[in-house]
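So this block is entry19.cif, mmCIF, C-alpha atoms:
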data_query
#
loop_
_atom_site.label_atom_id
_atom_site.label_comp_id
_atom_site.auth_asym_id
_atom_site.auth_seq_id
_atom_site.Cartn_x
_atom_site.Cartn_y
_atom_site.Cartn_z
CA MET A 1 -13.22 -10.14 -19.24
CA LEU A 2 -10.06 -8.46 -17.97
CA ARG A 3 -9.65 -5.21 -19.87
CA PRO A 4 -6.31 -3.58 -20.83
CA ILE A 5 -4.75 -1.28 -18.25
CA ARG A 6 -5.79 2.34 -18.84
CA THR A 7 -4.72 5.65 -17.39
CA LEU A 8 -6.69 8.80 -16.69
CA ALA A 9 -5.98 11.72 -19.04
CA ALA A 10 -3.77 14.37 -17.50
CA ALA A 11 -6.48 16.99 -17.71
CA ALA A 12 -9.62 15.35 -16.36
CA ALA A 13 -12.90 16.85 -17.52
CA ALA A 14 -15.34 17.88 -14.83
CA LEU A 15 -17.83 15.14 -14.12
CA ALA A 16 -21.52 15.86 -13.53
CA LEU A 17 -22.75 14.79 -10.12
CA VAL A 18 -25.14 11.87 -10.54
CA SER A 19 -26.39 9.19 -8.23
CA ALA A 20 -23.65 6.60 -7.60
CA CYS A 21 -25.87 3.86 -6.25
CA ASN A 22 -28.27 1.57 -8.10
CA SER A 23 -31.13 0.02 -6.16
CA ALA A 24 -32.34 -3.53 -6.50
CA SER A 25 -34.53 -2.39 -9.41
CA THR A 26 -31.85 -1.66 -12.03
CA ASP A 27 -31.91 -0.75 -15.69
CA GLY A 28 -31.08 -4.32 -16.62
CA ASN A 29 -27.29 -3.91 -16.72
CA ASP A 30 -26.69 -4.78 -13.07
CA ILE A 31 -28.91 -7.76 -12.46
CA GLY A 32 -27.94 -10.22 -9.77
CA ARG A 33 -28.65 -13.92 -9.69
CA PRO A 34 -32.18 -15.09 -8.89
CA GLY A 35 -32.71 -14.88 -5.17
CA ASP A 36 -30.27 -11.99 -4.59
CA MET A 37 -31.07 -10.12 -1.40
CA PRO A 38 -32.28 -6.51 -1.70
CA GLY A 39 -29.51 -3.96 -1.73
CA ASP A 40 -26.90 -2.17 -3.77
CA ARG A 41 -25.51 -4.34 -6.55
CA ARG A 42 -23.93 -1.59 -8.63
CA GLY A 43 -21.41 -3.20 -10.98
CA VAL A 44 -22.67 -6.75 -10.38
CA THR A 45 -24.36 -8.84 -13.07
CA ALA A 46 -25.12 -12.55 -13.22
CA GLU A 47 -21.76 -13.05 -14.93
CA SER A 48 -19.39 -10.38 -13.66
CA ILE A 49 -18.20 -8.00 -10.95
CA LYS A 50 -16.87 -4.67 -12.20
CA VAL A 51 -13.78 -3.37 -10.36
CA GLY A 52 -11.49 -0.40 -11.02
CA GLY A 53 -8.35 1.06 -9.48
CA ILE A 54 -6.75 4.40 -8.65
CA VAL A 55 -2.94 4.46 -8.87
CA SER A 56 -0.28 7.16 -9.15
CA MET A 57 1.02 6.04 -12.54
CA THR A 58 2.81 9.36 -12.90
CA SER A 59 3.89 12.17 -10.59
CA ALA A 60 5.54 15.57 -10.82
CA GLY A 61 8.74 14.12 -9.32
CA GLY A 62 8.88 11.19 -11.72
CA TYR A 63 7.97 8.58 -9.09
CA SER A 64 5.54 5.94 -10.33
CA LYS A 65 3.43 3.24 -8.74
CA LYS A 66 2.24 1.94 -12.13
CA ASP A 67 3.14 -1.68 -11.40
CA THR A 68 0.46 -1.67 -8.69
CA ASP A 69 -1.96 -2.02 -11.61
CA LEU A 70 -0.08 -5.04 -12.99
CA GLY A 71 -0.17 -6.71 -9.57
CA ALA A 72 -3.95 -6.30 -9.33
CA LYS A 73 -4.38 -7.54 -12.88
CA ALA A 74 -2.33 -10.64 -12.04
CA ARG A 75 -4.54 -11.57 -9.08
CA TYR A 76 -7.77 -10.98 -10.99
CA MET A 77 -6.52 -13.04 -13.92
CA ARG A 78 -5.89 -15.99 -11.61
CA ALA A 79 -9.30 -15.58 -9.98
CA ASN A 80 -10.94 -15.66 -13.40
CA ALA A 81 -8.87 -18.65 -14.52
CA GLU A 82 -10.11 -20.50 -11.44
CA GLY A 83 -13.74 -19.85 -12.33
CA GLY A 84 -14.21 -16.38 -10.93
CA VAL A 85 -15.78 -15.40 -7.61
CA ASN A 86 -18.73 -17.69 -6.95
CA GLY A 87 -19.14 -18.05 -10.71
CA ARG A 88 -18.76 -14.36 -11.55
CA LYS A 89 -15.70 -13.16 -13.48
CA ILE A 90 -13.85 -10.04 -12.34
CA ASP A 91 -14.23 -7.33 -14.98
CA TYR A 92 -11.16 -5.26 -14.08
CA LEU A 93 -11.16 -1.88 -15.82
CA GLY A 94 -7.56 -1.12 -14.93
CA ALA A 95 -6.38 1.81 -12.84
CA GLU A 96 -7.00 5.52 -13.27
CA ASP A 97 -3.89 7.71 -12.91
CA ASP A 98 -4.25 10.37 -10.21
CA GLY A 99 -0.76 11.81 -10.75
CA GLN A 100 -0.47 12.17 -6.94
CA ASP A 101 -2.84 15.13 -7.35
CA PRO A 102 -5.75 15.42 -4.86
CA ALA A 103 -8.07 16.86 -7.50
CA LYS A 104 -7.33 14.00 -9.89
CA ASN A 105 -7.73 11.46 -7.11
CA MET A 106 -11.23 12.78 -6.45
CA ALA A 107 -12.02 12.92 -10.18
CA ALA A 108 -10.89 9.31 -10.58
CA ALA A 109 -13.09 8.16 -7.70
CA ARG A 110 -16.11 9.98 -9.15
CA LYS A 111 -15.52 8.56 -12.63
CA LEU A 112 -15.23 4.99 -11.42
CA VAL A 113 -18.45 5.22 -9.41
CA GLN A 114 -20.64 7.57 -11.40
CA GLN A 115 -19.57 6.75 -14.95
CA ASP A 116 -18.09 3.24 -14.84
CA LYS A 117 -20.34 2.10 -11.98
CA VAL A 118 -17.80 -0.20 -10.33
CA PHE A 119 -18.71 -2.39 -7.40
CA ALA A 120 -15.31 -1.87 -5.77
CA VAL A 121 -12.05 0.07 -6.07
CA ALA A 122 -9.05 -2.25 -5.68
CA PRO A 123 -6.31 -1.13 -5.71
CA MET A 124 -6.09 2.44 -4.47
CA SER A 125 -2.40 3.39 -4.24
CA SER A 126 -1.33 7.01 -3.88
CA VAL A 127 0.09 9.40 -1.29
CA THR A 128 -3.15 11.35 -1.58
CA PHE A 129 -6.65 9.97 -1.04
CA SER A 130 -8.99 12.92 -1.39
CA GLY A 131 -11.63 10.62 -2.86
CA ALA A 132 -11.91 8.62 0.38
CA ASP A 133 -14.92 10.45 1.84
CA PHE A 134 -16.76 10.19 -1.49
CA LEU A 135 -16.12 6.43 -1.80
CA GLU A 136 -17.17 5.91 1.81
CA GLN A 137 -20.35 7.95 1.31
CA GLU A 138 -21.21 5.98 -1.84
CA LYS A 139 -20.55 2.66 -0.05
CA VAL A 140 -17.82 1.50 -2.42
CA PRO A 141 -15.58 -1.23 -0.94
CA THR A 142 -12.05 0.12 -1.45
CA PHE A 143 -8.72 -1.65 -0.93
CA GLY A 144 -5.13 -0.41 -0.82
CA TRP A 145 -2.00 0.01 1.26
CA GLY A 146 -3.07 1.29 4.69
CA THR A 147 -0.44 4.02 4.92
CA LEU A 148 -2.99 6.86 4.96
CA PRO A 149 -5.45 7.82 7.72
CA SER A 150 -8.39 7.11 5.40
CA PHE A 151 -7.66 3.38 5.68
CA CYS A 152 -8.18 3.52 9.43
CA GLY A 153 -11.76 3.74 10.62
CA PRO A 154 -14.09 4.10 7.61
CA LYS A 155 -16.55 1.25 7.15
CA TYR A 156 -15.96 0.56 3.45
CA ILE A 157 -12.19 1.17 3.15
CA TYR A 158 -9.65 -1.60 3.85
CA GLY A 159 -5.85 -1.77 4.07
CA PHE A 160 -4.46 -5.02 2.65
CA ASN A 161 -2.18 -5.25 5.69
CA GLY A 162 -4.44 -3.41 8.08
CA CYS A 163 -4.38 0.13 9.40
CA LEU A 164 -0.86 1.61 9.58
CA VAL A 165 -1.67 5.17 10.70
CA PRO A 166 -4.26 4.66 13.42
CA ALA A 167 -6.22 7.11 15.49
CA PRO A 168 -5.76 7.02 19.26
CA GLY A 169 -7.12 3.72 20.47
CA GLY A 170 -5.66 1.82 17.53
CA THR A 171 -2.31 0.03 17.35
CA ILE A 172 1.09 0.51 15.68
CA ASN A 173 3.01 -2.11 13.72
CA GLN A 174 6.38 -2.68 15.41
CA THR A 175 8.18 -4.46 12.54
CA TRP A 176 10.41 -1.48 11.74
CA PRO A 177 11.74 -0.59 15.21
CA GLU A 178 12.03 -4.24 16.27
CA GLY A 179 13.88 -5.13 13.07
CA ILE A 180 16.29 -2.20 13.31
CA GLY A 181 16.85 -3.01 16.97
CA GLN A 182 17.80 -6.54 15.94
CA LEU A 183 20.29 -5.22 13.37
CA LEU A 184 21.89 -2.89 15.94
CA GLY A 185 22.17 -5.55 18.61
CA GLY A 186 19.32 -4.12 20.66
CA ALA A 187 17.58 -0.77 20.96
CA ARG A 188 18.76 0.12 24.46
CA GLY A 189 21.22 3.01 24.34
CA LYS A 190 20.68 3.48 20.58
CA SER A 191 19.33 6.59 18.90
CA VAL A 192 17.30 7.09 15.74
CA ALA A 193 16.44 10.08 13.56
CA ILE A 194 13.13 10.01 11.66
CA ILE A 195 12.47 12.32 8.71
CA ALA A 196 9.42 12.72 6.49
CA ASN A 197 7.76 15.01 3.97
CA ASP A 198 5.75 18.00 5.10
CA SER A 199 2.42 16.38 4.22
CA ASP A 200 -0.47 14.76 6.06
CA ALA A 201 1.01 11.32 5.39
CA GLY A 202 4.44 12.48 6.55
CA LYS A 203 3.11 14.00 9.76
CA PHE A 204 1.17 10.86 10.58
CA GLY A 205 4.28 8.81 9.84
CA ILE A 206 6.39 10.87 12.23
CA ARG A 207 3.77 10.63 14.94
CA THR A 208 3.37 6.85 14.72
CA PHE A 209 7.00 5.85 14.14
CA GLN A 210 8.27 8.23 16.81
CA GLN A 211 6.07 6.43 19.31
CA GLY A 212 6.95 3.00 17.91
CA PHE A 213 10.73 3.48 18.09
CA ALA A 214 10.50 4.97 21.58
CA SER A 215 8.38 2.03 22.74
CA ALA A 216 10.99 -0.39 21.38
CA GLY A 217 13.64 1.29 23.56
CA PHE A 218 15.27 3.76 21.16
CA THR A 219 16.06 7.37 21.93
CA VAL A 220 14.38 9.37 19.16
CA SER A 221 16.89 12.17 18.68
CA TYR A 222 15.18 13.78 15.68
CA ALA A 223 11.64 13.51 14.30
CA LYS A 224 10.49 16.05 11.71
CA ALA A 225 8.12 16.16 8.75
CA SER A 226 10.05 19.02 7.18
CA VAL A 227 10.94 18.05 3.60
CA PRO A 228 8.75 19.76 0.97
CA ALA A 229 6.14 17.35 -0.39
CA THR A 230 5.84 18.96 -3.82
CA ALA A 231 9.47 18.95 -5.00
CA VAL A 232 12.70 17.13 -4.17
CA PRO A 233 15.22 19.51 -2.53
CA SER A 234 18.31 20.30 -4.60
CA ASP A 235 20.30 21.01 -1.43
CA TRP A 236 20.10 18.60 1.51
CA SER A 237 22.86 20.20 3.58
CA ALA A 238 20.55 21.80 6.17
CA TYR A 239 18.75 18.51 6.82
CA VAL A 240 22.02 16.58 7.02
CA LYS A 241 23.54 19.08 9.47
CA GLU A 242 20.52 18.81 11.78
CA ILE A 243 20.45 15.02 11.65
CA LEU A 244 24.19 14.52 12.17
CA GLY A 245 24.15 16.69 15.29
CA SER A 246 20.82 15.51 16.68
CA ASN A 247 22.17 12.93 19.13
CA GLY A 248 23.68 15.28 21.70
CA GLY A 249 25.93 16.79 19.05
CA LYS A 250 26.69 13.40 17.50
CA ALA A 251 25.15 11.36 14.71
CA PRO A 252 22.29 8.96 15.55
CA ASP A 253 22.77 5.22 15.25
CA ALA A 254 20.07 4.99 12.58
CA VAL A 255 18.34 7.33 10.15
CA VAL A 256 14.85 6.34 9.09
CA SER A 257 13.26 8.07 6.09
CA VAL A 258 9.48 7.94 5.73
CA MET A 259 9.70 9.24 2.13
CA GLN A 260 9.62 8.07 -1.47
CA THR A 261 12.54 7.10 -3.68
CA PRO A 262 13.60 10.48 -5.18
CA ASN A 263 13.84 12.03 -1.70
CA ASN A 264 15.62 8.98 -0.29
CA ILE A 265 18.23 9.07 -3.03
CA GLY A 266 18.97 12.72 -2.31
CA LEU A 267 19.00 12.36 1.46
CA PHE A 268 21.07 9.17 1.65
CA THR A 269 23.60 10.46 -0.89
CA ALA A 270 24.03 13.65 1.14
CA LEU A 271 24.36 11.74 4.42
CA LYS A 272 27.03 9.45 3.00
CA ARG A 273 28.94 12.41 1.59
CA GLY A 274 28.67 14.01 5.01
CA GLY A 275 30.47 11.02 6.50
CA TYR A 276 27.52 9.21 8.05
CA LYS A 277 28.34 5.55 8.81
CA GLY A 278 25.20 4.49 10.66
CA LEU A 279 22.21 2.43 9.58
CA LEU A 280 19.93 3.81 6.85
CA SER A 281 16.38 2.60 6.31
CA ASP A 282 13.21 3.47 4.37
CA PRO A 283 9.89 1.81 3.49
CA THR A 284 9.84 2.20 -0.31
CA ASP A 285 13.02 1.26 -2.13
CA TYR A 286 12.53 -2.44 -2.76
CA ASP A 287 12.62 -2.28 -6.54
CA PRO A 288 15.17 -4.02 -8.82
CA GLY A 289 14.42 -1.36 -11.42
CA LEU A 290 16.27 1.12 -9.21
CA LEU A 291 19.48 -0.83 -9.74
CA ALA A 292 19.71 0.01 -13.45
CA LYS A 293 21.46 3.35 -12.79
CA ASP A 294 24.85 3.45 -11.08
CA ALA A 295 24.07 6.63 -9.14
CA THR A 296 20.81 5.22 -7.77
CA ARG A 297 22.40 1.90 -6.89
CA GLN A 298 25.22 3.65 -5.03
CA ALA A 299 22.85 5.98 -3.17
CA LEU A 300 20.74 3.08 -1.91
CA ASP A 301 23.55 0.60 -1.31
CA GLY A 302 23.46 -0.67 2.26
CA VAL A 303 19.94 0.67 2.92
CA HIS A 304 17.55 -1.61 4.82
CA VAL A 305 14.05 -1.46 3.35
CA LEU A 306 10.96 -2.15 5.46
CA LEU A 307 8.54 -4.65 3.93
CA GLN A 308 5.11 -5.52 5.22
CA PHE A 309 4.96 -8.74 3.25
CA GLU A 310 7.06 -11.82 2.58
CA PRO A 311 10.25 -10.84 0.68
CA PHE A 312 10.49 -11.94 -2.94
CA GLU A 313 13.51 -13.99 -1.86
CA SER A 314 11.24 -16.12 0.36
CA ASP A 315 10.70 -19.82 -0.42
CA ASN A 316 7.05 -19.58 0.68
CA PRO A 317 4.87 -21.45 -1.90
CA LYS A 318 2.50 -18.47 -1.98
CA MET A 319 5.41 -16.29 -3.14
CA ALA A 320 6.11 -18.77 -5.94
CA ARG A 321 2.45 -18.49 -6.98
CA PHE A 322 2.64 -14.67 -6.88
CA LYS A 323 5.65 -14.75 -9.21
CA ALA A 324 3.88 -17.10 -11.61
CA ASP A 325 0.78 -14.87 -11.61
CA ILE A 326 2.85 -11.76 -12.35
CA LYS A 327 4.59 -13.52 -15.23
CA ALA A 328 1.24 -14.56 -16.69
CA ALA A 329 -0.12 -11.01 -16.41
CA ALA A 330 3.02 -9.68 -18.09
CA GLY A 331 2.34 -11.85 -21.14
CA GLY A 332 4.69 -14.64 -20.13
CA GLN A 333 7.66 -12.31 -19.70
CA ASP A 334 9.95 -12.36 -16.68
CA VAL A 335 9.74 -8.83 -15.32
CA PRO A 336 11.63 -7.38 -12.35
CA LEU A 337 9.47 -7.64 -9.25
CA ASN A 338 8.77 -4.65 -7.01
CA MET A 339 6.69 -3.80 -3.97
CA HIS A 340 4.10 -1.93 -6.04
CA MET A 341 3.17 -5.21 -7.73
CA LEU A 342 2.67 -6.79 -4.32
CA THR A 343 0.56 -3.80 -3.20
CA GLY A 344 -1.81 -4.26 -6.14
CA TYR A 345 -1.83 -8.04 -5.83
CA MET A 346 -2.64 -8.15 -2.13
CA SER A 347 -5.25 -5.37 -2.41
CA ALA A 348 -6.99 -7.44 -5.07
CA ASP A 349 -6.47 -10.62 -3.04
CA LEU A 350 -8.22 -9.22 0.03
CA PHE A 351 -11.14 -8.04 -2.10
CA VAL A 352 -11.46 -11.43 -3.83
CA SER A 353 -11.19 -13.32 -0.54
CA ILE A 354 -13.98 -11.33 1.12
CA ALA A 355 -16.19 -11.42 -2.00
CA GLN A 356 -15.81 -15.19 -2.13
CA LYS A 357 -17.07 -15.48 1.45
CA ALA A 358 -20.02 -13.20 0.61
CA GLY A 359 -21.53 -15.98 -1.50
CA THR A 360 -23.55 -15.86 -4.69
CA ASP A 361 -25.95 -13.16 -3.45
CA LEU A 362 -23.40 -10.38 -3.89
CA THR A 363 -24.49 -6.91 -2.84
CA VAL A 364 -22.67 -4.24 -0.91
CA GLU A 365 -24.63 -5.35 2.14
CA SER A 366 -23.69 -9.03 1.79
CA PHE A 367 -20.07 -8.05 1.10
CA GLN A 368 -19.90 -5.90 4.23
CA ASP A 369 -21.52 -8.64 6.28
CA ALA A 370 -18.85 -11.09 5.08
CA ALA A 371 -16.11 -8.55 5.87
CA GLN A 372 -17.35 -8.24 9.45
CA ARG A 373 -16.73 -11.97 9.91
CA PHE A 374 -13.61 -12.34 7.74
CA SER A 375 -10.33 -13.94 8.77
CA ASP A 376 -7.66 -16.13 7.19
CA THR A 377 -4.10 -17.19 7.95
CA GLY A 378 -0.72 -17.68 6.34
CA THR A 379 -0.99 -15.07 3.58
CA LEU A 380 1.92 -13.07 2.17
CA VAL A 381 1.06 -10.37 4.74
CA GLY A 382 0.48 -12.77 7.63
CA ASP A 383 -2.85 -13.49 9.33
CA ARG A 384 -5.72 -11.22 8.27
CA ALA A 385 -8.95 -10.31 10.03
CA GLU A 386 -11.69 -7.75 9.56
CA PRO A 387 -12.89 -5.42 10.91
CA LYS A 388 -9.72 -5.63 13.04
CA GLY A 389 -7.69 -4.41 10.05
CA GLN A 390 -9.68 -1.19 9.89
CA LYS A 391 -8.29 -0.20 13.25
CA ASP A 392 -5.09 -2.23 13.72
CA SER A 393 -2.10 -3.34 11.70
CA PHE A 394 -1.76 -7.06 11.02
CA GLY A 395 1.66 -6.62 12.66
CA CYS A 396 3.93 -8.52 10.25
CA GLY A 397 6.93 -7.61 8.12
CA ALA A 398 10.59 -8.02 7.20
CA LEU A 399 13.67 -6.00 6.27
CA VAL A 400 15.79 -6.44 3.15
CA GLN A 401 19.12 -4.77 2.41
CA LEU A 402 20.52 -3.66 -0.92
CA LYS A 403 24.04 -5.03 -0.92
CA ASN A 404 26.50 -5.15 -3.82
CA GLY A 405 23.76 -4.59 -6.37
CA ALA A 406 21.28 -7.16 -5.05
CA TYR A 407 18.68 -7.42 -2.31
CA GLU A 408 19.07 -9.88 0.53
CA VAL A 409 16.91 -10.53 3.58
CA SER A 410 18.40 -8.80 6.62
CA VAL A 411 15.51 -9.52 9.04
CA PRO A 412 13.19 -12.42 8.08
CA PHE A 413 9.42 -12.00 7.85
CA LYS A 414 7.92 -12.10 11.32
CA CYS A 415 4.83 -10.92 13.16
CA HIS A 416 5.22 -8.65 16.19
CA GLU A 417 2.62 -7.73 18.75
CA PRO A 418 1.39 -4.21 17.87
CA ILE A 419 1.50 -1.54 20.54
CA PRO A 420 -1.35 0.83 21.52
CA PHE A 421 -1.28 4.16 19.70
CA LYS A 422 -1.65 7.12 22.02
#
Could you write out this structure as structure tokens?
Amino acid sequence: MLRPIRTLAAAAAALALVSACNSASTDGNDIGRPGDMPGDRRGVTAESIKVGGIVSMTSAGGYSKKDTDLGAKARYMRANAEGGVNGRKIDYLGAEDDGQDPAKNMAAARKLVQQDKVFAVAPMSSVTFSGADFLEQEKVPTFGWGTLPSFCGPKYIYGFNGCLVPAPGGTINQTWPEGIGQLLGGARGKSVAIIANDSDAGKFGIRTFQQGFASAGFTVSYAKASVPATAVPSDWSAYVKEILGSNGGKAPDAVVSVMQTPNNIGLFTALKRGGYKGLLSDPTDYDPGLLAKDATRQALDGVHVLLQFEPFESDNPKMARFKADIKAAAGGQDVPLNMHMLTGYMSADLFVSIAQKAGTDLTVESFQDAAQRFSDTGTLVGDRAEPKGQKDSFGCGALVQLKNGAYEVSVPFKCHEPIPFK
């Protein structure tokens, strides 16, 4: 029942506002099993559970998260091959393309709920999540990478590795500062510059990572969300000048970019040309597809990439299963692995795992009740627990380095105690 991956048309038509929720008395299309408890079973029949996704397949800058959709498809295919979720097959509609546009993100959320009548949205992967309030209001369980504030706090929205941009009272994942400290021989006496896009996500990233690196013992010599979010700068000289003189007139020991690939390529190339010899790191550029072009490979050579999951190079049996699932979803072809695939796969995995615990009487209410009591261990993102993950990071991760045209693990996957976010 897995449908082909589809994308949202570039110009989305306005959608009429209709009721997103079906009650226990449905029109016959969403009928649960005999004995189902009263409640919202939109998208649930006796045989299937309808799920859709929202992914930035395209963007104005050329950056794409399209393989997030393939990762989700891979996990749902395996679930269906194993008999489904308590006997129900996952009817995955594929992911709508929001183009990293807030208006399209909202339109995609409305379409999935009001027109397609999905039970859940998994995955949701974009730098914008304007549809979050709508999905929360309509009680749609939603799963994605918890790098946006909307994944921290709402009742129906879940980060596959927890909440990574918490509100005060939450916690911060310390994988990045602890890992970089390990690479530099300790954080004491070391300085770091942190740079991000001028966007909500970038500002949250600066706020959290600035605190995290300081807590680990670093001097944060530079922390700005100053790079335009809508277009990649053609001239990085002003940013490079500021960074290279930020440590009391000297260069910092590490430069951490909280940005996407096109910006990282421009920034790191400019820093290297400016003579920078320190450590470079970002959270996005773990993608063998980036190695196809000489210029890209050279720009990212030596960069340590933050992962919040087991590296593909790991010998963990669950990683071997992930690779086999991706190959099956790709029609038996060996395709280059990337972190977007893992994002989609683990978003789908968390949804499937909670739905399984909800039992045969699947409604939004029974799903949420199962989520409130959910925990498991030893996954590709470490130990998981809800509702803990709606406030705190699961605290695990690794670093890999691009070296001589190939990735290698520079800091093995490990879980660190999160710190309070103030």
Discussion item. From the options A:Arg297, A:Lys357, A:Lys391, A:His340, which residue's atoms come nearest to A:Pro123, counting only C-alpha atoms?
Written reply: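 Closest to A:Pro123 of all the choices is A:His340.
For the residues A:Gly71, A:Pro233, A:Pro288, A:Gly43, ranking by smallest atom-to-atom distance to A:Lys89 using all atoms listed in the file places A:Gly43 first.
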Discussion item. So, with all atoms listed in the file as the atoms that count, which of A:Val303, A:Ala214, A:Glu47, A:Gly179 lies closest to A:Gly84?
Written reply: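 Of A:Val303, A:Ala214, A:Glu47, A:Gly179, the one nearest A:Gly84, counting all atoms listed in the file, is A:Glu47.
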Which residues, named as in the file, does the PyMOL selection byres ((chain A and resi 366) around 12) pick out? Answer as a compact mmCIF listing (two decimals) with C-alpha atoms, in the frame of the given file.
# COMPACT_ATOMS: atom_id res chain seq x y z
CA ASP A 36 -30.27 -11.99 -4.59
CA MET A 37 -31.07 -10.12 -1.40
CA PRO A 38 -32.28 -6.51 -1.70
CA GLY A 39 -29.51 -3.96 -1.73
CA ASP A 40 -26.90 -2.17 -3.77
CA ARG A 41 -25.51 -4.34 -6.55
CA PRO A 141 -15.58 -1.23 -0.94
CA ILE A 354 -13.98 -11.33 1.12
CA ALA A 355 -16.19 -11.42 -2.00
CA GLN A 356 -15.81 -15.19 -2.13
CA LYS A 357 -17.07 -15.48 1.45
CA ALA A 358 -20.02 -13.20 0.61
CA GLY A 359 -21.53 -15.98 -1.50
CA THR A 360 -23.55 -15.86 -4.69
CA ASP A 361 -25.95 -13.16 -3.45
CA LEU A 362 -23.40 -10.38 -3.89
CA THR A 363 -24.49 -6.91 -2.84
CA VAL A 364 -22.67 -4.24 -0.91
CA GLU A 365 -24.63 -5.35 2.14
CA PHE A 367 -20.07 -8.05 1.10
CA GLN A 368 -19.90 -5.90 4.23
CA ASP A 369 -21.52 -8.64 6.28
CA ALA A 370 -18.85 -11.09 5.08
CA ALA A 371 -16.11 -8.55 5.87
CA GLN A 372 -17.35 -8.24 9.45
CA ARG A 373 -16.73 -11.97 9.91
Worksheet item: Selected by the PyMOL selection byres ((chain A and resi 67) around 8) in the shown coordinates: which residues, as a list in words?
Response: Lys65, Lys66, Thr68, Asp69, Leu70, Gly71, Asn338, His340, Met341 and Gly344 of chain A
Taking the structure in the block just given, could you write stretch 119-131 of chain A with N, CA and C atoms, as a compact mmCIF listing (two decimals), in the first residue's frame?
# COMPACT_ATOMS: atom_id res chain seq x y z
N PHE A 119 -3.43 10.35 9.27
CA PHE A 119 -3.41 10.19 10.72
C PHE A 119 -2.21 10.91 11.31
N ALA A 120 -1.08 10.87 10.59
CA ALA A 120 0.16 11.45 11.10
C ALA A 120 0.97 12.04 9.96
N VAL A 121 1.87 12.97 10.32
CA VAL A 121 2.86 13.52 9.39
C VAL A 121 4.24 13.05 9.86
N ALA A 122 4.88 12.20 9.06
CA ALA A 122 6.20 11.67 9.42
C ALA A 122 6.87 11.16 8.15
N PRO A 123 7.83 11.95 7.63
CA PRO A 123 8.61 12.98 8.31
C PRO A 123 8.17 14.41 7.98
N MET A 124 8.62 15.35 8.84
CA MET A 124 8.56 16.77 8.54
C MET A 124 9.99 17.26 8.62
N SER A 125 10.56 17.66 7.48
CA SER A 125 11.97 18.07 7.44
C SER A 125 12.13 19.32 6.59
N SER A 126 12.32 20.45 7.26
CA SER A 126 12.48 21.73 6.59
C SER A 126 13.08 22.71 7.58
N VAL A 127 13.63 23.82 7.09
CA VAL A 127 14.11 24.86 7.99
C VAL A 127 12.98 25.79 8.40
N THR A 128 11.80 25.57 7.83
CA THR A 128 10.63 26.35 8.21
C THR A 128 9.52 25.39 8.61
N PHE A 129 8.75 25.74 9.62
CA PHE A 129 7.67 24.87 10.08
C PHE A 129 6.47 25.72 10.46
N SER A 130 6.00 26.50 9.49
CA SER A 130 4.87 27.39 9.74
C SER A 130 3.58 26.61 9.96
N GLY A 131 3.55 25.36 9.53
CA GLY A 131 2.35 24.54 9.72
C GLY A 131 2.26 23.90 11.09
